[in-house]
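A.B. asks: One structure follows; several queries about it will come next.
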Amino acid sequence: MAFVLPLPLLIVACDPGVTIRQADSPKEIGKHSSVILRVKSTHELIGTTHYAPQVTVTNISEATVLVTGIELATKQKIYSDGSPQPQDFPEEVLAKQAHNFTVLFRLDDAVYKTFKEPAELRVHYRNGSSEATARIAIVRGSLDDSR
């Protein structure tokens with residue numbers, strides 16, 4: 001006698017997706033950082049080969065900062081923004097203000113494999129004549145892990 005499960009039950013029983021999120025709560029990056037980063041969690045199918053987070057850069061300094069680029073560093077590769085209409089960098093973030101960036105990283109592997117180990121999202125910026133990079137860890141979780 002064969003036992004057949006209804007298709008909806010099989011789909012619910014599988015976890016076809018993952019949450020990609022920042023590892024820590026938003027915080028000041030580094031001792032003398034001018035910006036705070038926040039990366040909005042995304043919910044992706046495990047086989048998806050792109051990652052398109054919304055990145056909020058909050059300028060906590062008294063002067064305008066210029067964001068010059070955003071990249072994703074994984075154990076395998078460093079990815080640049082591959083949006084069909086990439087951001088125009090440099091982009092100003094006024095003093096004590098926040099700016100949202102939506103970027104697209106076209107991955108060589110599925111998100112499930114790419115984020116098997118923590119990755120790092122990097123925001124390159126200029127504050128006056130000095131250049132700096134703010135970093136935040138990005139990790140994979142289950143769809144239930146939506147903190």
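Here, A, B, ... name the chains of the structure tokens in the order displayed, residue numbers run from 1 inside each chain, and ligands are numbered from 1 in the same displayed order.
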Excluding Glu131 in chain A and any residue of its chain fewer than 6 positions from it, enumerate the residues within 10 Å of it, using only C-alpha atoms, and give them as a list in words.
C.D. replies: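 Those residues are Val65, Leu66, Val67, Thr68, His124 and Tyr125 of chain A.
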A.B. asks: So which one's closest to Leu45 in chain A, A:Pro84, A:Tyr79, A:Asn127, A:Tyr112? Using only C-alpha atoms, please.
C.D. replies: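 Smallest distance to Leu45 in chain A is found for A:Tyr112.
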A.B. asks: With only C-alpha atoms as the atoms that count, which of A:Thr58, A:Gln22, A:Thr49, A:Thr133 lies nearest to Ala95 in chain A?
C.D. replies: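 With only C-alpha atoms as the atom set, the closest residue is A:Thr58.
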A.B. asks: Can you measure CA of Glu120 in chain A to CA of Thr74 in chain A for me? One decimal in Å is fine.
C.D. replies: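 Separation of CA of Glu120 in chain A and CA of Thr74 in chain A: 6.5 Å.
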A.B. asks: Which is closer to Leu37 in chain A than all the others in A:Val139, A:Ala134, A:Val18, A:Ala119, using only C-alpha atoms?
C.D. replies: A:Ala134
A.B. asks: What lies within 12 Å of range 38-40 of chain A using only C-alpha atoms, ignoring chain neighbours under 4 positions off, as JSON, numbers by chain?
C.D. replies: {"A": [19, 20, 21, 22, 23, 24, 25, 26, 27, 28, 29, 51, 52, 53, 54, 55, 56, 57, 58, 59, 70, 72, 98, 99, 100, 101, 102, 103, 120, 121, 122, 123, 134, 135, 136, 137, 138, 139, 146, 147]}
A.B. asks: Of the residues A:Phe105, A:Ile36, A:Gln97, A:Ser130, which is the one nearest to Ser80 in chain A, using only C-alpha atoms?
C.D. replies: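 That would be A:Phe105, the residue with the smallest distance to Ser80 in chain A.
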A.B. asks: How far is it from CA of Ala110 in chain A to CA of Asp88 in chain A, in Å with one decimal?
C.D. replies: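 Between these atoms lies a distance of 27.4 Å.
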A.B. asks: Check the DSSP output for the backbone and give back, as a PyMOL selection string, the residues of range 29-100 of chain A in strand (DSSP E or B).
C.D. replies: chain A and resi 35-39+42-45+50-51+54-59+65-73+78-80+91-93+98-100
A.B. asks: Keeping only C-alpha atoms, write the selected residues to a file as a PDB file, in the first residue's frame.
C.D. replies:
```
ATOM      1  CA  VAL A  35      28.473  56.314   9.596  1.00  0.00           C
ATOM      2  CA  ILE A  36      26.172  53.644  10.975  1.00  0.00           C
ATOM      3  CA  LEU A  37      25.000  50.857   8.653  1.00  0.00           C
ATOM      4  CA  ARG A  38      21.738  48.957   8.616  1.00  0.00           C
ATOM      5  CA  VAL A  39      20.994  46.188   6.127  1.00  0.00           C
ATOM      6  CA  THR A  42      15.711  39.731   2.759  1.00  0.00           C
ATOM      7  CA  HIS A  43      13.909  36.438   2.207  1.00  0.00           C
ATOM      8  CA  GLU A  44      15.293  34.493  -0.732  1.00  0.00           C
ATOM      9  CA  LEU A  45      14.624  31.125  -2.348  1.00  0.00           C
ATOM     10  CA  HIS A  50      21.229  37.386  -6.704  1.00  0.00           C
ATOM     11  CA  TYR A  51      21.128  39.389  -3.493  1.00  0.00           C
ATOM     12  CA  GLN A  54      18.442  47.782   1.052  1.00  0.00           C
ATOM     13  CA  VAL A  55      21.367  49.420   2.828  1.00  0.00           C
ATOM     14  CA  THR A  56      20.781  52.452   5.046  1.00  0.00           C
ATOM     15  CA  VAL A  57      23.803  54.654   5.649  1.00  0.00           C
ATOM     16  CA  THR A  58      23.329  57.074   8.534  1.00  0.00           C
ATOM     17  CA  ASN A  59      25.835  59.906   8.726  1.00  0.00           C
ATOM     18  CA  VAL A  65      30.043  62.270   3.699  1.00  0.00           C
ATOM     19  CA  LEU A  66      30.316  60.911   0.161  1.00  0.00           C
ATOM     20  CA  VAL A  67      29.479  57.233  -0.324  1.00  0.00           C
ATOM     21  CA  THR A  68      31.805  56.097  -3.108  1.00  0.00           C
ATOM     22  CA  GLY A  69      30.771  52.449  -3.427  1.00  0.00           C
ATOM     23  CA  ILE A  70      29.104  49.421  -1.867  1.00  0.00           C
ATOM     24  CA  GLU A  71      30.345  45.858  -2.208  1.00  0.00           C
ATOM     25  CA  LEU A  72      29.742  42.381  -0.820  1.00  0.00           C
ATOM     26  CA  ALA A  73      32.766  40.341   0.285  1.00  0.00           C
ATOM     27  CA  ILE A  78      34.133  40.374  -3.785  1.00  0.00           C
ATOM     28  CA  TYR A  79      30.990  41.488  -5.638  1.00  0.00           C
ATOM     29  CA  SER A  80      30.286  45.012  -6.879  1.00  0.00           C
ATOM     30  CA  GLU A  91      26.380  59.962  -3.390  1.00  0.00           C
ATOM     31  CA  GLU A  92      26.154  62.606  -0.677  1.00  0.00           C
ATOM     32  CA  VAL A  93      24.759  61.778   2.754  1.00  0.00           C
ATOM     33  CA  ALA A  98      20.276  58.792   6.493  1.00  0.00           C
ATOM     34  CA  HIS A  99      20.219  57.628   2.886  1.00  0.00           C
ATOM     35  CA  ASN A 100      18.858  54.341   1.509  1.00  0.00           C
TER      36      ASN A 100
END
```
A.B. asks: One number please: CA of Phe89 in chain A to CA of Ile60 in chain A, in Å, one decimal.
C.D. replies: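 Separation between CA of Phe89 in chain A and CA of Ile60 in chain A: 19.7 Å.
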A.B. asks: Would you please work out which residue, of A:Ser129, A:Leu94, A:Thr48, A:Ala63, is nearest to Lys113 in chain A when using only C-alpha atoms?
C.D. replies: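 Counting only C-alpha atoms, the residue closest to Lys113 in chain A is A:Thr48.
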A.B. asks: Range 43-145 of chain A: which residues are alpha helix (DSSP H) by DSSP, as a PyMOL selection string?
C.D. replies: chain A and resi 111-114
